[in-house]
Amino acid sequence: MAYSIAMVLSGSFQYRSALGGGLMAPGSLMLGNPSLVYECGHEHGEGDRCVVFWYTPEYFERLAGSEGEFRTARIPPLQAMAPLVASAAAGALGAAEIPWEELGVRVAARTVALAAGNESDQGTVPRNAAARVTRAVRAIERRPDANLTLSALARETGLSPYHFLRTFERLTGVTPHQYVLRARLRAAATRLATDAGKVIDVAFDSGFGDVSNFNRAFRTEFGVSPRAYRSALSLSES
């Protein structure tokens, strides 16, 4: 019992539901409401690949606002969705590390706007939203290693995930995922400079669950590996 948005990444198939149907081609979106029955057919081929985002009714309704349920079965391949589809494809193929929760919020918000014929995607933000987001920023700085998901941060501020994401990005210039990542990397760099512990321990203590992801993110941010960073500091001190 959930809302769904399925992105077609490759292949094609027919789609039919009570809302209508049509040919689903790469770049198109298949939309579903709770309890909606649909049927897919592969009369002319097989091997399609999709990424599906599922949303509980309560979560989706916070994102959709007054728009309510989908009134159309699909959205054709549109330029407005192309960057989001490309990000999902890169994540599905393992070619990039994708903040899936943030991407899911963006996909839902953009899809709702397109389905309603309102690409401007206007929404109201509480007047004290900036102050709430500022408190979230300070919380991240205090504990960058904590479980700082988009949902958790939004819940603490009392904003919907979409409004929190939008306000946070406007205020800081980066997304919550990017901010948390950089806060963790700064904390790790400090540990590497002041602590002789193992790199793997620094990675885990800084909030990274995988040392290979930590090494890749650290090199991207600082231009060198964690070991080379520590080594360079040791040489400069000597």
# chains A, B, ... in the order shown; residues from 1 in each chain; ligands from 1
call {"tool": "select_by_dssp", "arguments": {"residues": "stretch 18-151 of chain A", "states": "helix (DSSP H, G or I)", "output": "ChimeraX atom specification"}}
result
/A:57-67,79-92,100-115,129-142,150-151
call {"tool": "residues_around", "arguments": {"residues": "A:Arg230", "least_positions_apart": "3", "cutoff": "10 Å", "atoms": "only C-alpha atoms", "output": "list in words"}}
result
Ala189, Thr190, Arg191, Leu192, Ala193, Thr194, Asp195, Ala196, Val199, Val224, Ser225, Pro226, Arg227, Leu233, Ser234 and Leu235 of chain A
call {"tool": "write_last_selection", "arguments": {"atoms": "N, CA and C atoms", "output": "short mmCIF file (atom, residue, chain, number, x, y, z; two decimals), in the first residue's frame"}}
result
data_model
loop_
_atom_site.label_atom_id
_atom_site.label_comp_id
_atom_site.auth_asym_id
_atom_site.auth_seq_id
_atom_site.Cartn_x
_atom_site.Cartn_y
_atom_site.Cartn_z
N ALA A 189 39.91 14.19 8.90
CA ALA A 189 41.21 14.83 8.65
C ALA A 189 41.84 15.29 9.96
N THR A 190 41.02 15.79 10.86
CA THR A 190 41.54 16.20 12.16
C THR A 190 42.07 15.00 12.94
N ARG A 191 41.34 13.89 12.89
CA ARG A 191 41.79 12.68 13.56
C ARG A 191 43.10 12.17 12.98
N LEU A 192 43.21 12.20 11.67
CA LEU A 192 44.44 11.73 11.03
C LEU A 192 45.64 12.58 11.43
N ALA A 193 45.38 13.86 11.67
CA ALA A 193 46.47 14.77 12.04
C ALA A 193 46.86 14.67 13.51
N THR A 194 45.96 14.21 14.35
CA THR A 194 46.20 14.25 15.80
C THR A 194 46.21 12.88 16.45
N ASP A 195 45.84 11.84 15.72
CA ASP A 195 45.68 10.51 16.31
C ASP A 195 46.45 9.50 15.46
N ALA A 196 47.18 8.62 16.10
CA ALA A 196 47.98 7.62 15.38
C ALA A 196 47.19 6.34 15.10
N VAL A 199 43.66 3.81 9.98
CA VAL A 199 42.77 4.53 9.06
C VAL A 199 41.36 3.96 9.12
N VAL A 224 44.32 13.61 -1.93
CA VAL A 224 45.25 12.55 -1.58
C VAL A 224 44.52 11.51 -0.74
N SER A 225 45.11 10.34 -0.61
CA SER A 225 44.52 9.31 0.23
C SER A 225 44.70 9.67 1.70
N PRO A 226 43.93 9.07 2.61
CA PRO A 226 44.12 9.33 4.04
C PRO A 226 45.54 9.06 4.51
N ARG A 227 46.14 7.96 4.05
CA ARG A 227 47.50 7.64 4.46
C ARG A 227 48.50 8.70 3.96
N LEU A 233 51.65 15.32 6.60
CA LEU A 233 51.66 16.10 7.84
C LEU A 233 52.86 15.73 8.67
N SER A 234 53.18 14.45 8.73
CA SER A 234 54.33 14.00 9.53
C SER A 234 55.62 14.57 8.97
N LEU A 235 55.76 14.59 7.62
CA LEU A 235 56.98 15.11 7.02
C LEU A 235 57.12 16.61 7.25
#
call {"tool": "closest_residue", "arguments": {"among": "A:Val180, A:Leu185, A:Ala152, A:Ala109", "to": "A:Gly65", "atoms": "only C-alpha atoms"}}
result
A:Ala109
call {"tool": "atom_distance", "arguments": {"atom1": "atom CA of A:Ala89", "atom2": "atom CA of A:Leu9"}}
result
6.4 Å
call {"tool": "residues_around", "arguments": {"residues": "A:Glu69", "least_positions_apart": "3", "cutoff": "9 Å", "atoms": "only C-alpha atoms", "output": "list in words"}}
result
Tyr3, Gly32, Asn33, Pro34, Glu61, Ala64 and Val112 of chain A
call {"tool": "write_last_selection", "arguments": {"atoms": "N, CA, C and O atoms", "output": "PDB file, in the first residue's frame"}}
result
ATOM      1  N   TYR A   3       2.697   4.632  -2.658  1.00  0.00           N
ATOM      2  CA  TYR A   3       2.851   5.320  -3.938  1.00  0.00           C
ATOM      3  C   TYR A   3       4.153   4.824  -4.570  1.00  0.00           C
ATOM      4  O   TYR A   3       5.102   4.464  -3.867  1.00  0.00           O
ATOM      5  N   GLY A  32       2.184   5.171  -9.743  1.00  0.00           N
ATOM      6  CA  GLY A  32       1.222   4.306  -9.075  1.00  0.00           C
ATOM      7  C   GLY A  32       0.733   4.892  -7.767  1.00  0.00           C
ATOM      8  O   GLY A  32       1.508   5.481  -7.003  1.00  0.00           O
ATOM      9  N   ASN A  33      -0.560   4.753  -7.514  1.00  0.00           N
ATOM     10  CA  ASN A  33      -1.175   5.134  -6.241  1.00  0.00           C
ATOM     11  C   ASN A  33      -1.388   3.882  -5.385  1.00  0.00           C
ATOM     12  O   ASN A  33      -1.411   2.764  -5.906  1.00  0.00           O
ATOM     13  N   PRO A  34      -1.573   4.049  -4.085  1.00  0.00           N
ATOM     14  CA  PRO A  34      -1.880   2.883  -3.250  1.00  0.00           C
ATOM     15  C   PRO A  34      -3.112   2.140  -3.764  1.00  0.00           C
ATOM     16  O   PRO A  34      -4.094   2.749  -4.170  1.00  0.00           O
ATOM     17  N   GLU A  61       2.333  12.113   0.971  1.00  0.00           N
ATOM     18  CA  GLU A  61       1.387  13.219   1.086  1.00  0.00           C
ATOM     19  C   GLU A  61       2.040  14.461   1.669  1.00  0.00           C
ATOM     20  O   GLU A  61       1.633  15.590   1.373  1.00  0.00           O
ATOM     21  N   ALA A  64       3.740  15.764  -1.513  1.00  0.00           N
ATOM     22  CA  ALA A  64       2.829  16.198  -2.574  1.00  0.00           C
ATOM     23  C   ALA A  64       1.954  17.359  -2.174  1.00  0.00           C
ATOM     24  O   ALA A  64       1.461  18.104  -3.023  1.00  0.00           O
ATOM     25  N   VAL A 112       5.491  15.079  -9.059  1.00  0.00           N
ATOM     26  CA  VAL A 112       4.194  15.648  -8.682  1.00  0.00           C
ATOM     27  C   VAL A 112       3.940  16.941  -9.435  1.00  0.00           C
ATOM     28  O   VAL A 112       2.835  17.190  -9.940  1.00  0.00           O
TER      29      VAL A 112
END
call {"tool": "residues_around", "arguments": {"residues": "stretch 154-160 of chain A", "least_positions_apart": "4", "cutoff": "8 Å", "atoms": "only C-alpha atoms", "output": "list in words"}}
result
Arg62, Leu63, Ala129, Arg132, Val133, Arg135, Ala136, Leu150, Phe164 and Leu165 of chain A
call {"tool": "atom_distance", "arguments": {"atom1": "atom CA of A:Arg71", "atom2": "atom CA of A:Leu19"}}
result
6.5 Å
call {"tool": "closest_residue", "arguments": {"among": "A:Met81, A:Val137, A:Glu221, A:Arg74", "to": "A:Leu171", "atoms": "only C-alpha atoms"}}
result
A:Val137
call {"tool": "atom_distance", "arguments": {"atom1": "atom CA of A:Ala187", "atom2": "atom CA of A:Phe208"}}
result
11.3 Å
call {"tool": "closest_residue", "arguments": {"among": "A:Pro76, A:Thr134, A:Val211, A:Ile200", "to": "A:Pro176", "atoms": "only C-alpha atoms"}}
result
A:Thr134
call {"tool": "decode", "arguments": {"residues": "stretch 6-39 of chain A", "atoms": "N, CA, C and O atoms", "output": "mmCIF file, in the first residue's frame"}}
result
data_model
loop_
_atom_site.group_PDB
_atom_site.id
_atom_site.type_symbol
_atom_site.label_atom_id
_atom_site.label_comp_id
_atom_site.auth_asym_id
_atom_site.auth_seq_id
_atom_site.Cartn_x
_atom_site.Cartn_y
_atom_site.Cartn_z
ATOM 1 N N ALA A 6 8.285 4.644 -10.965
ATOM 2 C CA ALA A 6 9.257 3.750 -11.595
ATOM 3 C C ALA A 6 9.904 4.456 -12.774
ATOM 4 O O ALA A 6 9.214 4.897 -13.692
ATOM 5 N N MET A 7 11.213 4.569 -12.740
ATOM 6 C CA MET A 7 11.974 5.157 -13.850
ATOM 7 C C MET A 7 12.423 4.048 -14.785
ATOM 8 O O MET A 7 13.054 3.080 -14.347
ATOM 9 N N VAL A 8 12.130 4.179 -16.053
ATOM 10 C CA VAL A 8 12.592 3.202 -17.027
ATOM 11 C C VAL A 8 13.995 3.615 -17.488
ATOM 12 O O VAL A 8 14.181 4.694 -18.054
ATOM 13 N N LEU A 9 14.964 2.746 -17.246
ATOM 14 C CA LEU A 9 16.345 3.053 -17.614
ATOM 15 C C LEU A 9 16.729 2.470 -18.965
ATOM 16 O O LEU A 9 17.533 3.045 -19.689
ATOM 17 N N SER A 10 16.152 1.311 -19.292
ATOM 18 C CA SER A 10 16.446 0.695 -20.579
ATOM 19 C C SER A 10 15.316 -0.258 -20.938
ATOM 20 O O SER A 10 14.552 -0.700 -20.078
ATOM 21 N N GLY A 11 15.204 -0.594 -22.221
ATOM 22 C CA GLY A 11 14.144 -1.462 -22.683
ATOM 23 C C GLY A 11 12.832 -0.704 -22.845
ATOM 24 O O GLY A 11 12.758 0.505 -22.627
ATOM 25 N N SER A 12 11.793 -1.416 -23.205
ATOM 26 C CA SER A 12 10.466 -0.806 -23.357
ATOM 27 C C SER A 12 9.403 -1.866 -23.120
ATOM 28 O O SER A 12 9.630 -3.057 -23.337
ATOM 29 N N PHE A 13 8.240 -1.427 -22.657
ATOM 30 C CA PHE A 13 7.140 -2.342 -22.394
ATOM 31 C C PHE A 13 5.835 -1.552 -22.349
ATOM 32 O O PHE A 13 5.843 -0.316 -22.260
ATOM 33 N N GLN A 14 4.724 -2.261 -22.397
ATOM 34 C CA GLN A 14 3.421 -1.625 -22.325
ATOM 35 C C GLN A 14 2.947 -1.619 -20.868
ATOM 36 O O GLN A 14 3.222 -2.554 -20.105
ATOM 37 N N TYR A 15 2.223 -0.570 -20.532
ATOM 38 C CA TYR A 15 1.743 -0.391 -19.172
ATOM 39 C C TYR A 15 0.278 0.004 -19.213
ATOM 40 O O TYR A 15 -0.134 0.835 -20.015
ATOM 41 N N ARG A 16 -0.535 -0.641 -18.349
ATOM 42 C CA ARG A 16 -1.956 -0.321 -18.331
ATOM 43 C C ARG A 16 -2.476 -0.373 -16.893
ATOM 44 O O ARG A 16 -2.129 -1.266 -16.120
ATOM 45 N N SER A 17 -3.277 0.642 -16.535
ATOM 46 C CA SER A 17 -3.917 0.674 -15.224
ATOM 47 C C SER A 17 -5.218 1.439 -15.346
ATOM 48 O O SER A 17 -5.596 1.891 -16.437
ATOM 49 N N ALA A 18 -5.908 1.611 -14.232
ATOM 50 C CA ALA A 18 -7.170 2.364 -14.233
ATOM 51 C C ALA A 18 -6.958 3.818 -14.622
ATOM 52 O O ALA A 18 -7.895 4.497 -15.055
ATOM 53 N N LEU A 19 -5.731 4.308 -14.500
ATOM 54 C CA LEU A 19 -5.430 5.691 -14.863
ATOM 55 C C LEU A 19 -5.107 5.842 -16.346
ATOM 56 O O LEU A 19 -4.988 6.965 -16.840
ATOM 57 N N GLY A 20 -4.938 4.735 -17.034
ATOM 58 C CA GLY A 20 -4.548 4.792 -18.443
ATOM 59 C C GLY A 20 -3.314 3.947 -18.666
ATOM 60 O O GLY A 20 -2.970 3.091 -17.850
ATOM 61 N N GLY A 21 -2.629 4.196 -19.745
ATOM 62 C CA GLY A 21 -1.437 3.416 -20.031
ATOM 63 C C GLY A 21 -0.729 3.928 -21.258
ATOM 64 O O GLY A 21 -0.965 5.040 -21.724
ATOM 65 N N GLY A 22 0.161 3.106 -21.771
ATOM 66 C CA GLY A 22 0.928 3.500 -22.937
ATOM 67 C C GLY A 22 2.244 2.764 -22.981
ATOM 68 O O GLY A 22 2.496 1.839 -22.198
ATOM 69 N N LEU A 23 3.083 3.168 -23.887
ATOM 70 C CA LEU A 23 4.407 2.557 -24.046
ATOM 71 C C LEU A 23 5.378 3.221 -23.103
ATOM 72 O O LEU A 23 5.528 4.449 -23.087
ATOM 73 N N MET A 24 6.043 2.418 -22.311
ATOM 74 C CA MET A 24 7.061 2.921 -21.401
ATOM 75 C C MET A 24 8.419 2.751 -22.056
ATOM 76 O O MET A 24 8.856 1.640 -22.326
ATOM 77 N N ALA A 25 9.071 3.865 -22.329
ATOM 78 C CA ALA A 25 10.375 3.877 -22.978
ATOM 79 C C ALA A 25 11.406 4.459 -22.018
ATOM 80 O O ALA A 25 11.046 5.062 -21.004
ATOM 81 N N PRO A 26 12.693 4.282 -22.301
ATOM 82 C CA PRO A 26 13.717 4.836 -21.418
ATOM 83 C C PRO A 26 13.511 6.326 -21.154
ATOM 84 O O PRO A 26 13.281 7.108 -22.071
ATOM 85 N N GLY A 27 13.605 6.695 -19.887
ATOM 86 C CA GLY A 27 13.409 8.083 -19.477
ATOM 87 C C GLY A 27 11.999 8.397 -19.029
ATOM 88 O O GLY A 27 11.755 9.460 -18.449
ATOM 89 N N SER A 28 11.047 7.494 -19.289
ATOM 90 C CA SER A 28 9.665 7.738 -18.879
ATOM 91 C C SER A 28 9.448 7.250 -17.450
ATOM 92 O O SER A 28 10.238 6.465 -16.911
ATOM 93 N N LEU A 29 8.363 7.723 -16.840
ATOM 94 C CA LEU A 29 8.033 7.371 -15.463
ATOM 95 C C LEU A 29 6.685 6.673 -15.415
ATOM 96 O O LEU A 29 5.717 7.144 -16.026
ATOM 97 N N MET A 30 6.608 5.590 -14.683
ATOM 98 C CA MET A 30 5.361 4.870 -14.460
ATOM 99 C C MET A 30 4.891 5.210 -13.046
ATOM 100 O O MET A 30 5.631 5.030 -12.073
ATOM 101 N N LEU A 31 3.661 5.725 -12.922
ATOM 102 C CA LEU A 31 3.180 6.258 -11.656
ATOM 103 C C LEU A 31 2.121 5.337 -11.053
ATOM 104 O O LEU A 31 1.262 4.819 -11.758
ATOM 105 N N GLY A 32 2.184 5.171 -9.743
ATOM 106 C CA GLY A 32 1.222 4.306 -9.075
ATOM 107 C C GLY A 32 0.733 4.892 -7.767
ATOM 108 O O GLY A 32 1.508 5.481 -7.003
ATOM 109 N N ASN A 33 -0.560 4.753 -7.514
ATOM 110 C CA ASN A 33 -1.175 5.134 -6.241
ATOM 111 C C ASN A 33 -1.388 3.882 -5.385
ATOM 112 O O ASN A 33 -1.411 2.764 -5.906
ATOM 113 N N PRO A 34 -1.573 4.049 -4.085
ATOM 114 C CA PRO A 34 -1.880 2.883 -3.250
ATOM 115 C C PRO A 34 -3.112 2.140 -3.764
ATOM 116 O O PRO A 34 -4.094 2.749 -4.170
ATOM 117 N N SER A 35 -3.033 0.831 -3.766
ATOM 118 C CA SER A 35 -4.125 -0.052 -4.184
ATOM 119 C C SER A 35 -4.388 -0.017 -5.690
ATOM 120 O O SER A 35 -5.325 -0.664 -6.168
ATOM 121 N N LEU A 36 -3.591 0.727 -6.449
ATOM 122 C CA LEU A 36 -3.787 0.771 -7.886
ATOM 123 C C LEU A 36 -3.267 -0.517 -8.519
ATOM 124 O O LEU A 36 -2.122 -0.904 -8.301
ATOM 125 N N VAL A 37 -4.113 -1.153 -9.293
ATOM 126 C CA VAL A 37 -3.724 -2.385 -9.988
ATOM 127 C C VAL A 37 -3.217 -2.014 -11.383
ATOM 128 O O VAL A 37 -3.831 -1.199 -12.070
ATOM 129 N N TYR A 38 -2.089 -2.591 -11.770
ATOM 130 C CA TYR A 38 -1.545 -2.300 -13.091
ATOM 131 C C TYR A 38 -1.053 -3.587 -13.743
ATOM 132 O O TYR A 38 -0.845 -4.603 -13.079
ATOM 133 N N GLU A 39 -0.857 -3.502 -15.026
ATOM 134 C CA GLU A 39 -0.407 -4.654 -15.801
ATOM 135 C C GLU A 39 0.675 -4.211 -16.773
ATOM 136 O O GLU A 39 0.546 -3.181 -17.428
#
